[in-house]
Every structure is written in C-alpha cells, then in structure tokens.
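protein_17.txt follows; it contains compact mmCIF, N, CA and C atoms.
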# COMPACT_ATOMS: atom_id res chain seq x y z
N MET N 1 1.45 18.46 13.39
CA MET N 1 0.89 18.26 12.07
C MET N 1 1.69 17.18 11.37
N ILE N 2 1.03 16.21 10.80
CA ILE N 2 1.70 15.12 10.10
C ILE N 2 1.81 15.47 8.62
N ILE N 3 3.00 15.31 8.07
CA ILE N 3 3.24 15.56 6.65
C ILE N 3 3.76 14.26 6.06
N GLY N 4 3.08 13.71 5.08
CA GLY N 4 3.55 12.48 4.46
C GLY N 4 3.49 11.33 5.45
N GLU N 5 4.16 10.25 5.12
CA GLU N 5 4.13 9.06 5.96
C GLU N 5 5.26 9.09 6.97
N GLY N 6 4.91 9.26 8.24
CA GLY N 6 5.90 9.16 9.30
C GLY N 6 6.74 10.39 9.54
N VAL N 7 6.39 11.53 8.98
CA VAL N 7 7.16 12.74 9.22
C VAL N 7 6.27 13.73 9.98
N LEU N 8 6.74 14.16 11.12
CA LEU N 8 6.01 15.09 11.94
C LEU N 8 6.61 16.47 11.75
N MET N 9 5.80 17.43 11.31
CA MET N 9 6.27 18.80 11.12
C MET N 9 6.27 19.50 12.46
N VAL N 10 7.36 20.09 12.82
CA VAL N 10 7.49 20.79 14.08
C VAL N 10 7.85 22.24 13.78
N GLU N 11 7.25 23.15 14.48
CA GLU N 11 7.62 24.55 14.31
C GLU N 11 8.93 24.76 15.05
N MET N 12 10.03 24.52 14.35
CA MET N 12 11.35 24.54 14.96
C MET N 12 11.69 25.89 15.58
N VAL N 13 11.43 26.97 14.87
CA VAL N 13 11.81 28.29 15.37
C VAL N 13 11.13 28.56 16.70
N ASN N 14 9.84 28.28 16.82
CA ASN N 14 9.14 28.49 18.08
C ASN N 14 9.69 27.60 19.18
N SER N 15 9.99 26.35 18.85
CA SER N 15 10.53 25.42 19.85
C SER N 15 11.87 25.90 20.38
N PHE N 16 12.77 26.30 19.48
CA PHE N 16 14.09 26.75 19.91
C PHE N 16 13.98 27.99 20.79
N GLY N 17 13.06 28.88 20.48
CA GLY N 17 12.84 30.06 21.30
C GLY N 17 12.33 29.69 22.69
N GLU N 18 11.45 28.70 22.76
CA GLU N 18 10.96 28.22 24.06
C GLU N 18 12.08 27.60 24.87
N TYR N 19 12.94 26.83 24.23
CA TYR N 19 14.08 26.22 24.94
C TYR N 19 15.00 27.32 25.48
N ALA N 20 15.24 28.33 24.67
CA ALA N 20 16.09 29.45 25.09
C ALA N 20 15.48 30.15 26.29
N GLY N 21 14.16 30.30 26.29
CA GLY N 21 13.49 30.92 27.42
C GLY N 21 13.68 30.14 28.71
N LYS N 22 13.67 28.82 28.62
CA LYS N 22 13.89 27.98 29.81
C LYS N 22 15.29 28.19 30.37
N ILE N 23 16.28 28.22 29.48
CA ILE N 23 17.65 28.43 29.96
C ILE N 23 17.80 29.82 30.55
N TRP N 24 17.26 30.83 29.87
CA TRP N 24 17.35 32.20 30.36
C TRP N 24 16.73 32.31 31.76
N LYS N 25 15.54 31.72 31.95
CA LYS N 25 14.88 31.79 33.26
C LYS N 25 15.71 31.10 34.34
N SER N 26 16.29 29.95 34.00
CA SER N 26 17.11 29.22 34.96
C SER N 26 18.35 30.02 35.35
N LEU N 27 19.00 30.60 34.35
CA LEU N 27 20.20 31.40 34.63
C LEU N 27 19.84 32.70 35.35
N ASN N 28 18.70 33.26 35.05
CA ASN N 28 18.28 34.51 35.67
C ASN N 28 17.99 34.32 37.16
N SER N 29 17.53 33.13 37.54
CA SER N 29 17.20 32.89 38.93
C SER N 29 18.33 32.23 39.72
N ASP N 30 19.26 31.59 39.02
CA ASP N 30 20.30 30.84 39.72
C ASP N 30 21.54 30.74 38.84
N GLU N 31 22.20 31.87 38.60
CA GLU N 31 23.35 31.80 37.71
C GLU N 31 24.64 31.76 38.51
N PRO N 32 25.77 31.41 37.96
CA PRO N 32 26.01 30.65 36.73
C PRO N 32 25.81 29.15 36.98
N GLN N 33 25.70 28.40 35.88
CA GLN N 33 25.44 26.96 35.99
C GLN N 33 26.22 26.19 34.94
N THR N 34 26.51 24.94 35.25
CA THR N 34 27.15 24.05 34.28
C THR N 34 26.10 23.58 33.26
N GLU N 35 26.59 23.04 32.17
CA GLU N 35 25.71 22.46 31.15
C GLU N 35 24.81 21.39 31.76
N ASN N 36 25.39 20.47 32.53
CA ASN N 36 24.62 19.38 33.12
C ASN N 36 23.53 19.90 34.06
N ARG N 37 23.87 20.90 34.84
CA ARG N 37 22.90 21.48 35.77
C ARG N 37 21.76 22.15 35.00
N LEU N 38 22.09 22.88 33.94
CA LEU N 38 21.06 23.53 33.13
C LEU N 38 20.14 22.51 32.46
N ILE N 39 20.72 21.46 31.94
CA ILE N 39 19.92 20.41 31.30
C ILE N 39 18.99 19.78 32.35
N GLU N 40 19.52 19.55 33.54
CA GLU N 40 18.72 18.96 34.61
C GLU N 40 17.59 19.89 35.05
N THR N 41 17.89 21.16 35.27
CA THR N 41 16.87 22.08 35.78
C THR N 41 15.83 22.45 34.73
N THR N 42 16.20 22.45 33.46
CA THR N 42 15.26 22.83 32.40
C THR N 42 14.52 21.64 31.81
N GLY N 43 15.06 20.44 31.99
CA GLY N 43 14.45 19.25 31.41
C GLY N 43 14.66 19.13 29.91
N LEU N 44 15.63 19.86 29.37
CA LEU N 44 15.91 19.82 27.93
C LEU N 44 16.80 18.63 27.59
N THR N 45 16.70 18.15 26.36
CA THR N 45 17.64 17.17 25.84
C THR N 45 18.93 17.91 25.46
N ASN N 46 19.98 17.16 25.14
CA ASN N 46 21.23 17.80 24.70
C ASN N 46 21.00 18.65 23.44
N ASP N 47 20.28 18.10 22.46
CA ASP N 47 20.03 18.84 21.22
C ASP N 47 19.25 20.12 21.49
N GLU N 48 18.23 20.03 22.34
CA GLU N 48 17.44 21.20 22.69
C GLU N 48 18.29 22.24 23.41
N PHE N 49 19.14 21.76 24.33
CA PHE N 49 20.03 22.66 25.07
C PHE N 49 20.94 23.44 24.12
N TYR N 50 21.60 22.72 23.21
CA TYR N 50 22.54 23.40 22.32
C TYR N 50 21.84 24.33 21.34
N SER N 51 20.65 23.96 20.88
CA SER N 51 19.91 24.88 19.99
C SER N 51 19.55 26.15 20.76
N ALA N 52 19.20 26.01 22.04
CA ALA N 52 18.88 27.18 22.87
C ALA N 52 20.10 28.05 23.10
N VAL N 53 21.26 27.44 23.31
CA VAL N 53 22.49 28.22 23.50
C VAL N 53 22.79 29.02 22.23
N GLY N 54 22.61 28.40 21.06
CA GLY N 54 22.83 29.12 19.81
C GLY N 54 21.87 30.29 19.66
N TRP N 55 20.60 30.07 20.01
CA TRP N 55 19.58 31.12 19.96
C TRP N 55 19.97 32.28 20.87
N LEU N 56 20.33 31.96 22.13
CA LEU N 56 20.70 33.00 23.10
C LEU N 56 22.00 33.71 22.72
N ALA N 57 22.93 32.97 22.12
CA ALA N 57 24.18 33.60 21.67
C ALA N 57 23.88 34.62 20.57
N LYS N 58 22.99 34.27 19.65
CA LYS N 58 22.62 35.21 18.59
C LYS N 58 21.96 36.46 19.18
N GLU N 59 21.22 36.29 20.27
CA GLU N 59 20.59 37.42 20.95
C GLU N 59 21.56 38.16 21.87
N ASN N 60 22.81 37.68 21.96
CA ASN N 60 23.84 38.30 22.80
C ASN N 60 23.44 38.28 24.29
N LYS N 61 22.90 37.14 24.74
CA LYS N 61 22.40 37.05 26.10
C LYS N 61 23.09 35.99 26.96
N ILE N 62 23.97 35.18 26.39
CA ILE N 62 24.59 34.11 27.16
C ILE N 62 26.09 34.07 26.90
N CYS N 63 26.85 33.77 27.94
CA CYS N 63 28.29 33.61 27.76
C CYS N 63 28.74 32.39 28.56
N LYS N 64 29.93 31.96 28.26
CA LYS N 64 30.49 30.78 28.93
C LYS N 64 31.80 31.19 29.58
N ASP N 65 31.94 30.83 30.85
CA ASP N 65 33.15 31.12 31.61
C ASP N 65 33.66 29.79 32.14
N GLY N 66 34.63 29.20 31.42
CA GLY N 66 35.09 27.86 31.76
C GLY N 66 33.98 26.87 31.50
N ALA N 67 33.55 26.15 32.53
CA ALA N 67 32.48 25.17 32.38
C ALA N 67 31.11 25.76 32.73
N LEU N 68 31.07 27.04 33.07
CA LEU N 68 29.83 27.66 33.53
C LEU N 68 29.21 28.57 32.48
N TYR N 69 27.90 28.46 32.35
CA TYR N 69 27.13 29.37 31.51
C TYR N 69 26.50 30.42 32.41
N LYS N 70 26.43 31.66 31.90
CA LYS N 70 25.79 32.73 32.64
C LYS N 70 25.21 33.74 31.66
N LEU N 71 24.32 34.57 32.18
CA LEU N 71 23.74 35.62 31.35
C LEU N 71 24.76 36.73 31.20
N GLY N 72 24.78 37.34 30.05
CA GLY N 72 25.70 38.45 29.79
C GLY N 72 26.07 38.50 28.32
N GLU N 73 26.85 39.50 27.99
CA GLU N 73 27.29 39.67 26.61
C GLU N 73 28.02 38.41 26.17
N THR N 74 27.63 37.89 25.02
CA THR N 74 28.14 36.58 24.60
C THR N 74 29.61 36.60 24.20
N ASN N 75 30.27 35.51 24.48
CA ASN N 75 31.63 35.28 24.01
C ASN N 75 31.65 34.04 23.11
N LEU N 76 30.48 33.68 22.60
CA LEU N 76 30.33 32.46 21.80
C LEU N 76 30.16 32.75 20.31
N THR N 77 30.17 34.02 19.94
CA THR N 77 29.89 34.41 18.55
C THR N 77 30.87 33.80 17.55
N SER N 78 32.16 33.82 17.86
CA SER N 78 33.13 33.35 16.86
C SER N 78 32.92 31.87 16.52
N LYS N 79 32.70 31.03 17.51
CA LYS N 79 32.52 29.60 17.26
C LYS N 79 31.15 29.31 16.65
N ILE N 80 30.09 29.76 17.30
CA ILE N 80 28.76 29.43 16.83
C ILE N 80 28.46 30.14 15.51
N GLY N 81 28.89 31.39 15.38
CA GLY N 81 28.68 32.12 14.12
C GLY N 81 29.38 31.47 12.95
N LYS N 82 30.62 31.00 13.18
CA LYS N 82 31.36 30.30 12.12
C LYS N 82 30.65 29.01 11.73
N ASP N 83 30.23 28.25 12.73
CA ASP N 83 29.52 27.00 12.46
C ASP N 83 28.19 27.26 11.75
N ALA N 84 27.50 28.34 12.13
CA ALA N 84 26.24 28.69 11.47
C ALA N 84 26.49 28.98 9.99
N GLY N 85 27.60 29.62 9.68
CA GLY N 85 27.96 29.86 8.27
C GLY N 85 28.17 28.56 7.51
N LEU N 86 28.84 27.60 8.14
CA LEU N 86 29.06 26.30 7.50
C LEU N 86 27.74 25.58 7.27
N VAL N 87 26.88 25.58 8.28
CA VAL N 87 25.58 24.91 8.16
C VAL N 87 24.75 25.57 7.06
N TRP N 88 24.76 26.89 7.03
CA TRP N 88 24.00 27.61 6.00
C TRP N 88 24.48 27.22 4.61
N LYS N 89 25.80 27.16 4.41
CA LYS N 89 26.35 26.79 3.10
C LYS N 89 25.93 25.38 2.70
N ILE N 90 25.95 24.45 3.66
CA ILE N 90 25.53 23.07 3.37
C ILE N 90 24.06 23.02 2.98
N LEU N 91 23.22 23.73 3.72
CA LEU N 91 21.79 23.74 3.40
C LEU N 91 21.51 24.44 2.08
N ASP N 92 22.29 25.45 1.78
CA ASP N 92 22.14 26.14 0.50
C ASP N 92 22.49 25.21 -0.66
N MET N 93 23.48 24.38 -0.46
CA MET N 93 23.93 23.47 -1.50
C MET N 93 23.04 22.22 -1.61
N TRP N 94 22.69 21.62 -0.47
CA TRP N 94 22.00 20.34 -0.46
C TRP N 94 20.50 20.46 -0.23
N GLU N 95 20.01 21.63 0.09
CA GLU N 95 18.59 21.94 0.34
C GLU N 95 18.06 21.40 1.66
N GLU N 96 17.87 20.10 1.81
CA GLU N 96 17.38 19.53 3.07
C GLU N 96 18.36 18.47 3.54
N VAL N 97 18.85 18.64 4.79
CA VAL N 97 19.89 17.74 5.30
C VAL N 97 19.60 17.46 6.78
N ASP N 98 19.84 16.22 7.20
CA ASP N 98 19.65 15.87 8.61
C ASP N 98 20.88 16.28 9.43
N ALA N 99 20.68 16.38 10.74
CA ALA N 99 21.73 16.87 11.64
C ALA N 99 23.00 16.02 11.60
N VAL N 100 22.86 14.72 11.53
CA VAL N 100 24.03 13.82 11.48
C VAL N 100 24.84 14.08 10.21
N SER N 101 24.16 14.22 9.09
CA SER N 101 24.86 14.49 7.83
C SER N 101 25.51 15.86 7.82
N ILE N 102 24.84 16.85 8.41
CA ILE N 102 25.45 18.19 8.50
C ILE N 102 26.75 18.10 9.30
N SER N 103 26.71 17.36 10.39
CA SER N 103 27.91 17.18 11.22
C SER N 103 29.05 16.59 10.40
N ARG N 104 28.75 15.56 9.63
CA ARG N 104 29.77 14.92 8.78
C ARG N 104 30.28 15.87 7.71
N LEU N 105 29.37 16.53 7.02
CA LEU N 105 29.76 17.42 5.91
C LEU N 105 30.54 18.64 6.37
N ALA N 106 30.18 19.18 7.54
CA ALA N 106 30.85 20.38 8.05
C ALA N 106 32.07 20.07 8.90
N HIS N 107 32.26 18.80 9.23
CA HIS N 107 33.36 18.38 10.11
C HIS N 107 33.28 19.08 11.47
N ILE N 108 32.06 19.11 12.02
CA ILE N 108 31.85 19.65 13.36
C ILE N 108 31.02 18.66 14.17
N GLU N 109 31.09 18.79 15.47
CA GLU N 109 30.33 17.90 16.36
C GLU N 109 28.83 18.15 16.18
N GLU N 110 28.05 17.13 16.45
CA GLU N 110 26.60 17.27 16.33
C GLU N 110 26.05 18.33 17.29
N THR N 111 26.65 18.45 18.47
CA THR N 111 26.23 19.50 19.41
C THR N 111 26.45 20.88 18.80
N ASP N 112 27.55 21.04 18.06
CA ASP N 112 27.82 22.31 17.39
C ASP N 112 26.84 22.58 16.26
N VAL N 113 26.36 21.52 15.62
CA VAL N 113 25.32 21.67 14.58
C VAL N 113 24.09 22.28 15.22
N PHE N 114 23.69 21.78 16.39
CA PHE N 114 22.47 22.29 17.03
C PHE N 114 22.65 23.72 17.52
N SER N 115 23.83 24.09 18.00
CA SER N 115 24.07 25.49 18.37
C SER N 115 23.95 26.38 17.14
N ALA N 116 24.54 25.94 16.04
CA ALA N 116 24.48 26.71 14.79
C ALA N 116 23.05 26.81 14.28
N VAL N 117 22.30 25.73 14.39
CA VAL N 117 20.90 25.73 13.95
C VAL N 117 20.06 26.67 14.82
N GLY N 118 20.33 26.68 16.13
CA GLY N 118 19.64 27.63 17.02
C GLY N 118 19.92 29.07 16.61
N TRP N 119 21.17 29.36 16.28
CA TRP N 119 21.57 30.68 15.80
C TRP N 119 20.80 31.05 14.54
N LEU N 120 20.81 30.14 13.56
CA LEU N 120 20.12 30.39 12.29
C LEU N 120 18.60 30.48 12.47
N ALA N 121 18.06 29.70 13.39
CA ALA N 121 16.62 29.78 13.66
C ALA N 121 16.26 31.15 14.24
N ARG N 122 17.11 31.67 15.11
CA ARG N 122 16.86 33.01 15.69
C ARG N 122 16.88 34.08 14.61
N GLU N 123 17.67 33.85 13.59
CA GLU N 123 17.72 34.78 12.45
C GLU N 123 16.55 34.57 11.50
N GLY N 124 15.77 33.53 11.72
CA GLY N 124 14.64 33.23 10.86
C GLY N 124 15.04 32.67 9.51
N LYS N 125 16.20 32.02 9.45
CA LYS N 125 16.74 31.53 8.17
C LYS N 125 16.46 30.07 7.88
N ILE N 126 16.06 29.29 8.89
CA ILE N 126 15.88 27.85 8.66
C ILE N 126 14.57 27.36 9.27
N ASP N 127 14.22 26.16 8.87
CA ASP N 127 13.12 25.42 9.48
C ASP N 127 13.48 23.95 9.41
N GLY N 128 12.64 23.09 9.94
CA GLY N 128 12.98 21.68 9.95
C GLY N 128 11.82 20.78 10.27
N THR N 129 12.09 19.49 10.19
CA THR N 129 11.11 18.46 10.53
C THR N 129 11.77 17.41 11.40
N THR N 130 10.93 16.73 12.16
CA THR N 130 11.37 15.58 12.94
C THR N 130 10.68 14.36 12.36
N SER N 131 11.45 13.35 12.03
CA SER N 131 10.89 12.12 11.46
C SER N 131 10.49 11.17 12.56
N VAL N 132 9.23 10.79 12.57
CA VAL N 132 8.73 9.82 13.54
C VAL N 132 9.27 8.43 13.19
N LYS N 133 9.31 8.12 11.90
CA LYS N 133 9.78 6.81 11.46
C LYS N 133 11.25 6.58 11.80
N ARG N 134 12.05 7.63 11.70
CA ARG N 134 13.49 7.48 11.91
C ARG N 134 13.91 7.93 13.31
N LYS N 135 13.05 7.68 14.29
CA LYS N 135 13.35 7.90 15.71
C LYS N 135 13.87 9.30 16.00
N GLY N 136 13.13 10.31 15.59
CA GLY N 136 13.47 11.68 15.95
C GLY N 136 14.56 12.30 15.12
N ASN N 137 14.94 11.69 14.01
CA ASN N 137 15.94 12.28 13.13
C ASN N 137 15.44 13.64 12.64
N ILE N 138 16.23 14.68 12.81
CA ILE N 138 15.81 16.03 12.46
C ILE N 138 16.51 16.47 11.19
N SER N 139 15.73 16.97 10.25
CA SER N 139 16.27 17.53 9.01
C SER N 139 15.97 19.03 8.97
N PHE N 140 16.87 19.77 8.34
CA PHE N 140 16.74 21.23 8.26
C PHE N 140 16.84 21.68 6.81
N TRP N 141 16.29 22.86 6.52
CA TRP N 141 16.42 23.50 5.21
C TRP N 141 16.32 24.99 5.41
N LEU N 142 16.77 25.74 4.41
CA LEU N 142 16.68 27.20 4.44
C LEU N 142 15.26 27.62 4.11
N LYS N 143 14.83 28.70 4.72
CA LYS N 143 13.49 29.23 4.42
C LYS N 143 13.52 29.97 3.10
Just give me the structure of the file as structure tokens.
Amino acid sequence: MIIGEGVLMVEMVNSFGEYAGKIWKSLNSDEPQTENRLIETTGLTNDEFYSAVGWLAKENKICKDGALYKLGETNLTSKIGKDAGLVWKILDMWEEVDAVSISRLAHIEETDVFSAVGWLAREGKIDGTTSVKRKGNISFWLK
C-alpha cells in the first residue's frame, strides 16, 4: 500500500514474524548454525535476520552459543531486552524515527536496533514504514 509520495507501508509485525518462522524452520531441520549460514539458507537480509532473532528471543525460542544459533531457551534477553527498552524510550520521545537515527541516539549498532525492533514487534508495540524514495530507509513508531 502506498502512503504519500514515495513511502511504502509495510505490515512490519507480520513480516518480522515470517522472518522468524524462516529461521525457526532452518534451525529445526539443521541446527545449530552460524549467522552467515542462517542468512544464506533463509535468504534474509541482515536487517531481516536480526529482527527475526529479536522476535524469537522474545518468544524464548532461540539462543546463541558462541558463534552458533540454536533453538532453545533464550540467553539473549538481557542484551535485546535492554536495547528494546532504549528503542522504546526513543520512539516515545521522538514519535517516528528511522533505524539509523535510533542507532545514533541509543548508541547501539544498527543490527542491535533491528533485534530490539523485532522484540518490540513481537510484543505488538511498534509499527513502521519503508521509504521507496530513500532506498529502503525504515522508520518506526509506537502503536
């Protein structure tokens, strides 16, 4: 659905859930795997991968053991949960913010922004848009 000039509205929550499903299926059939292997087997981009990891961490379904991801009780809550709190505070204050700006404002890596956004999306707390004009720049806001 197109909203305004050059902004494509994407159902972010549904997309992140679909990405998480791809990772879960890959790990369920061939676990454990590295980040690169998961990205390769699922066909996800880095941003999609990290949003899916955040989603699965919130569901308590994924953990990381060294460089390997596997299904199981999560050990990612402290990092992703903390980052999700920072992202939520920024969105509460600024209303709508793009991923690059969230990274700068929160002093976290952009990959961590996407994990946090995946976590918040699983909680049903955020939504977002992808700008066609600005080459896929993604902005988020609280629901």
| request: Enumerate the residues of chain N with a DSSP assignment of helix (DSSP H, G or I), computed from the backbone, and present them as a ChimeraX atom specification. | output: /N:12-29,35-42,46-58,77-94,99-106,110-122
| request: Can you pull out every residue within 12 Å of Asp98 in chain N, counting only C-alpha atoms, but drop anything in the same chain fewer than 6 positions away, and send it as a ChimeraX atom specification? | output: /N:87,90-91,104-105,110,113-114,117,127-131,134,136-141
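CA of Ala52 in chain N is positioned 17.6 Å from CA of Trp88 in chain N.
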| query | Can you find the residues with an atom no farther than 10 Å from (27.4, 31.3, 17.9), counting only C-alpha atoms, and report them as a list in words? | reply |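 Selection result: Val53, Gly54, Trp55, Leu56, Ala57, Lys58, Glu59, Asn60, Thr74, Asn75, Leu76, Thr77, Ser78, Lys79, Ile80, Gly81, Lys82, Asp83, Ala84, Gly85, Asp112, Ser115, Ala116, Val117, Gly118, Trp119 and Leu120 of chain N.
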With all atoms of range 94-112 of chain N from the file as input, state the centre and edge lengths in Å to one decimal of the axis-aligned box that has 3 Å extra on each side, as JSON.
{"center_x": 25.4, "center_y": 18.2, "center_z": 9.5, "size_x": 22.0, "size_y": 14.8, "size_z": 25.9}
| request: Could you please write out, as a list in words, every residue of range 64-130 of chain N that DSSP assigns to strand (DSSP E or B)? | output: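 In range 64-130 of chain N, DSSP puts these residues in strand (DSSP E or B): Lys64, Asp65, Leu68, Tyr69, Lys70, Leu71, Glu96, Val97, Asp98, Ile126, Asp127, Gly128, Thr129 and Thr130 of chain N.
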Enumerate, in order of chain and increasing residue number, the residues of range 36-134 of chain N with an atom no farther than 10 Å from range 27-31 of chain N, each with its shortest atom pair and distance in Å to one decimal, counting only C-alpha atoms, as a tab-separated table.
residue	atom	partner	partner_atom	distance
N:Leu38	CA	N:Leu27	CA	8.1
N:Thr41	CA	N:Leu27	CA	10.0
N:Ile62	CA	N:Leu27	CA	9.1
N:Leu68	CA	N:Glu31	CA	8.8
N:Tyr69	CA	N:Glu31	CA	7.7
N:Lys70	CA	N:Glu31	CA	5.7
N:Leu71	CA	N:Leu27	CA	6.4
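Relative to atom C of Ala67 in chain N, atom C of Thr34 in chain N is found at 5.5 Å.
With only N, CA and C atoms as the basis for measurement, N:Lys143 is the residue among N:Lys143, N:His107, N:Lys64, N:Ser26 that approaches Lys125 in chain N most closely.
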| task | Using only N, CA and C atoms, pick whichever of N:Trp24, N:Glu96, N:Ser15, N:Thr111 has the shortest atom-to-atom distance to Asn46 in chain N. | result |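 Smallest separation from Asn46 in chain N among the options: N:Thr111.
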